[in-house]
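Reviewing the structure listed below.
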Amino acid sequence: MSPGTGAALRLLAATVGAKAVAEIGTGTGVSGIHLLHGMRPDGVLTTVDTEPERQQFARQAFRAAGFASNRARFIPGRALDVLPRLADSGYDLVFCDGDRLEYLDYLAESLRLLRPGGLVCFEGVFSNGRTVDSGPQPTEVLRQRELLRTVRETQDLVPSLLPVGDGLLCAVKR
């Protein structure tokens, strides 16, 4: 994650007054740290990843960054198996940085998870510039284009594509 993307996530979490954030793709915890810095002091980050060892690394990174252990909830598993178990309208922000082929499915789950006025963000939508390249593209890029089109055309969303890092697609749920 680029420093610009991290700063944008921190700002967005603060802007919505995030108390409950769902993160798809824990990774090493970098995005989670940025989100936690922007969230309310009593906020909880729920982070989902298929790799429990990455979550353990992130747990240590959160602790080293000064966050209490009750500020993050780690759920191992495939996002599309875990997300249906999370509360409807229970989240202020959903950050998606998981399997790019599943982004459209994450969007559907995010719309269910978000409260009105909540925000969904997708990392990496430029696909290293391939999203706008007119040549033949792999399935991942075609799915990114479909996500961009769907978000733009969904009446329940107010979208913006932020040119930070490799592209941060954000949309507010009406």
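Note on naming: chains are A, B, ... as they come in the structure tokens, residues start from 1 per chain, ligands start from 1 in the order shown.
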
All helix (DSSP H, G or I) residues (DSSP, backbone) inside segment 117-159 of chain A, as a CSV table (one decimal) with N, CA and C atoms, in the first residue's frame:
```
chain,number,residue,atom,x,y,z
A,127,SER,N,-5.1,-1.4,-11.7
A,127,SER,CA,-4.4,-2.6,-12.1
A,127,SER,C,-3.1,-2.3,-12.9
A,128,ASN,N,-2.3,-1.4,-12.3
A,128,ASN,CA,-1.0,-1.0,-12.9
A,128,ASN,C,-1.2,-0.4,-14.3
A,129,GLY,N,-2.3,0.4,-14.5
A,129,GLY,CA,-2.6,1.1,-15.7
A,129,GLY,C,-3.3,0.2,-16.7
A,130,ARG,N,-3.5,-1.0,-16.5
A,130,ARG,CA,-4.2,-1.9,-17.4
A,130,ARG,C,-5.7,-1.7,-17.5
A,131,THR,N,-6.3,-1.1,-16.5
A,131,THR,CA,-7.7,-0.9,-16.5
A,131,THR,C,-8.1,0.0,-17.7
A,132,VAL,N,-7.3,1.0,-18.0
A,132,VAL,CA,-7.6,1.9,-19.1
A,132,VAL,C,-6.9,1.6,-20.4
A,139,THR,N,-8.5,-11.6,-17.1
A,139,THR,CA,-9.8,-11.6,-16.5
A,139,THR,C,-9.8,-10.7,-15.3
A,140,GLU,N,-8.8,-10.6,-14.5
A,140,GLU,CA,-8.7,-9.7,-13.4
A,140,GLU,C,-9.1,-8.2,-13.8
A,141,VAL,N,-8.5,-7.8,-14.9
A,141,VAL,CA,-8.7,-6.4,-15.4
A,141,VAL,C,-10.1,-6.2,-15.9
A,142,LEU,N,-10.6,-7.2,-16.6
A,142,LEU,CA,-12.0,-7.2,-17.1
A,142,LEU,C,-12.9,-7.1,-15.9
A,143,ARG,N,-12.7,-7.8,-14.9
A,143,ARG,CA,-13.5,-7.7,-13.7
A,143,ARG,C,-13.4,-6.3,-13.0
A,144,GLN,N,-12.2,-5.7,-13.0
A,144,GLN,CA,-12.1,-4.4,-12.5
A,144,GLN,C,-12.9,-3.4,-13.2
A,145,ARG,N,-12.9,-3.5,-14.6
A,145,ARG,CA,-13.7,-2.6,-15.4
A,145,ARG,C,-15.2,-2.8,-15.1
A,146,GLU,N,-15.6,-4.0,-14.9
A,146,GLU,CA,-17.0,-4.3,-14.6
A,146,GLU,C,-17.3,-3.7,-13.2
A,147,LEU,N,-16.4,-3.8,-12.3
A,147,LEU,CA,-16.7,-3.1,-11.0
A,147,LEU,C,-16.8,-1.6,-11.1
A,148,LEU,N,-15.9,-1.0,-11.8
A,148,LEU,CA,-16.0,0.4,-12.0
A,148,LEU,C,-17.3,0.9,-12.7
A,149,ARG,N,-17.7,0.1,-13.7
A,149,ARG,CA,-19.0,0.4,-14.4
A,149,ARG,C,-20.2,0.2,-13.4
A,150,THR,N,-20.2,-0.9,-12.7
A,150,THR,CA,-21.3,-1.1,-11.8
A,150,THR,C,-21.4,-0.1,-10.7
A,151,VAL,N,-20.3,0.3,-10.1
A,151,VAL,CA,-20.3,1.3,-9.1
A,151,VAL,C,-20.8,2.7,-9.7
A,152,ARG,N,-20.3,3.0,-10.8
A,152,ARG,CA,-20.7,4.2,-11.5
A,152,ARG,C,-22.2,4.3,-11.8
A,153,GLU,N,-22.8,3.1,-12.2
A,153,GLU,CA,-24.2,3.0,-12.6
A,153,GLU,C,-25.2,2.7,-11.5
```

### Long-range neighbours of segment 159-164 of chain A as number ranges by chain, 12 Å cut-off, only C-alpha atoms, 2 positions minimum in chain
A: 1-9, 12, 118-126, 128-129, 147-157, 166-174

### Task
Determine which residues of segment 21-165 of chain A DSSP labels as strand (DSSP E or B) from the backbone of this structure, then write them out as a VMD selection string.
chain A and resid 21 to 24 44 to 49 72 to 76 91 to 96 114 to 123 157 to 162

Limited to C-alpha atoms, could you put the picked residues into a file as a PDB file, in the first residue's frame?
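Output (part_11.pdb):
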```
ATOM      1  CA  VAL A  21     -14.844  -1.022   9.868  1.00  0.00           C
ATOM      2  CA  ALA A  22     -14.659  -4.285   7.904  1.00  0.00           C
ATOM      3  CA  GLU A  23     -11.445  -4.999   6.029  1.00  0.00           C
ATOM      4  CA  ILE A  24     -11.151  -7.694   3.382  1.00  0.00           C
ATOM      5  CA  VAL A  44     -13.196  -1.795  16.147  1.00  0.00           C
ATOM      6  CA  LEU A  45     -11.648  -3.078  12.929  1.00  0.00           C
ATOM      7  CA  THR A  46     -12.921  -6.466  11.748  1.00  0.00           C
ATOM      8  CA  THR A  47     -10.365  -7.896   9.378  1.00  0.00           C
ATOM      9  CA  VAL A  48     -10.750 -11.027   7.235  1.00  0.00           C
ATOM     10  CA  ASP A  49      -7.969 -12.968   5.531  1.00  0.00           C
ATOM     11  CA  ALA A  72      -9.229  -5.389  16.125  1.00  0.00           C
ATOM     12  CA  ARG A  73     -11.139  -8.594  15.494  1.00  0.00           C
ATOM     13  CA  PHE A  74      -9.355 -11.099  13.272  1.00  0.00           C
ATOM     14  CA  ILE A  75     -11.460 -13.613  11.349  1.00  0.00           C
ATOM     15  CA  PRO A  76      -9.586 -16.197   9.285  1.00  0.00           C
ATOM     16  CA  TYR A  91     -20.447  -0.949   9.423  1.00  0.00           C
ATOM     17  CA  ASP A  92     -19.364   2.595   8.681  1.00  0.00           C
ATOM     18  CA  LEU A  93     -16.666   1.632   6.181  1.00  0.00           C
ATOM     19  CA  VAL A  94     -15.720  -1.489   4.223  1.00  0.00           C
ATOM     20  CA  PHE A  95     -12.219  -1.635   2.748  1.00  0.00           C
ATOM     21  CA  CYS A  96     -11.650  -4.237   0.020  1.00  0.00           C
ATOM     22  CA  LEU A 114     -22.919  -0.587   5.278  1.00  0.00           C
ATOM     23  CA  ARG A 115     -25.195   1.822   7.085  1.00  0.00           C
ATOM     24  CA  PRO A 116     -26.630   4.681   5.002  1.00  0.00           C
ATOM     25  CA  GLY A 117     -23.842   7.228   4.642  1.00  0.00           C
ATOM     26  CA  GLY A 118     -21.248   4.464   4.959  1.00  0.00           C
ATOM     27  CA  LEU A 119     -18.311   4.150   2.600  1.00  0.00           C
ATOM     28  CA  VAL A 120     -16.916   1.265   0.542  1.00  0.00           C
ATOM     29  CA  CYS A 121     -13.356   1.452  -0.852  1.00  0.00           C
ATOM     30  CA  PHE A 122     -11.565  -0.816  -3.332  1.00  0.00           C
ATOM     31  CA  GLU A 123      -7.773  -0.776  -3.545  1.00  0.00           C
ATOM     32  CA  LEU A 157     -23.912   4.968  -4.544  1.00  0.00           C
ATOM     33  CA  VAL A 158     -22.060   8.272  -4.859  1.00  0.00           C
ATOM     34  CA  PRO A 159     -18.666   7.200  -6.291  1.00  0.00           C
ATOM     35  CA  SER A 160     -15.250   8.748  -6.737  1.00  0.00           C
ATOM     36  CA  LEU A 161     -12.033   7.287  -8.094  1.00  0.00           C
ATOM     37  CA  LEU A 162      -9.076   8.650  -6.127  1.00  0.00           C
TER      38      LEU A 162
END
```

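Going from atom CA of Glu102 of chain A over to atom CA of Gly77 of chain A, you cover 14.2 Å.
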
#### Entry: Gap from atom CA of Asp97 of chain A to atom CA of Val16 of chain A - Å, one decimal
19.4 Å

### Among the residues A:Leu86, A:Ala79, A:Ala14, A:Gly38, the one that comes closest to Arg100 of chain A [using only C-alpha atoms]
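Of A:Leu86, A:Ala79, A:Ala14, A:Gly38, the one nearest Arg100 of chain A is A:Ala79, counting only C-alpha atoms.
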
### Message
Rounded to one decimal, what separation in Å do you get between atom CA of Ala20 of chain A and atom CA of Leu101 of chain A?
### Response
25.3 Å

Using only C-alpha atoms, which residues sit within 10 Å of Glu53 of chain A once same-chain residues fewer than 3 positions away are excluded, as a CSV table (one decimal) with N, CA and C atoms, in the first residue's frame?
```csv
chain,number,residue,atom,x,y,z
A,27,GLY,N,-3.6,-8.7,5.1
A,27,GLY,CA,-2.2,-8.5,4.7
A,27,GLY,C,-1.3,-8.5,5.9
A,28,THR,N,-0.3,-7.6,5.8
A,28,THR,CA,0.6,-7.4,7.0
A,28,THR,C,0.2,-6.4,8.0
A,49,ASP,N,-9.0,-12.5,6.4
A,49,ASP,CA,-8.0,-13.0,5.5
A,49,ASP,C,-7.9,-14.5,5.5
A,50,THR,N,-7.5,-15.0,4.4
A,50,THR,CA,-7.5,-16.5,4.2
A,50,THR,C,-6.2,-17.1,4.9
A,56,GLN,N,-1.7,-13.0,12.2
A,56,GLN,CA,-0.8,-13.0,13.4
A,56,GLN,C,0.2,-11.9,13.3
A,57,PHE,N,0.8,-11.7,12.1
A,57,PHE,CA,1.8,-10.7,11.8
A,57,PHE,C,1.1,-9.3,12.0
A,58,ALA,N,-0.1,-9.2,11.5
A,58,ALA,CA,-0.8,-7.9,11.6
A,58,ALA,C,-1.2,-7.6,13.1
A,59,ARG,N,-1.5,-8.6,13.8
A,59,ARG,CA,-1.8,-8.5,15.2
A,59,ARG,C,-0.6,-7.9,16.0
A,76,PRO,N,-10.2,-15.5,10.4
A,76,PRO,CA,-9.6,-16.2,9.3
A,76,PRO,C,-10.7,-16.8,8.4
```
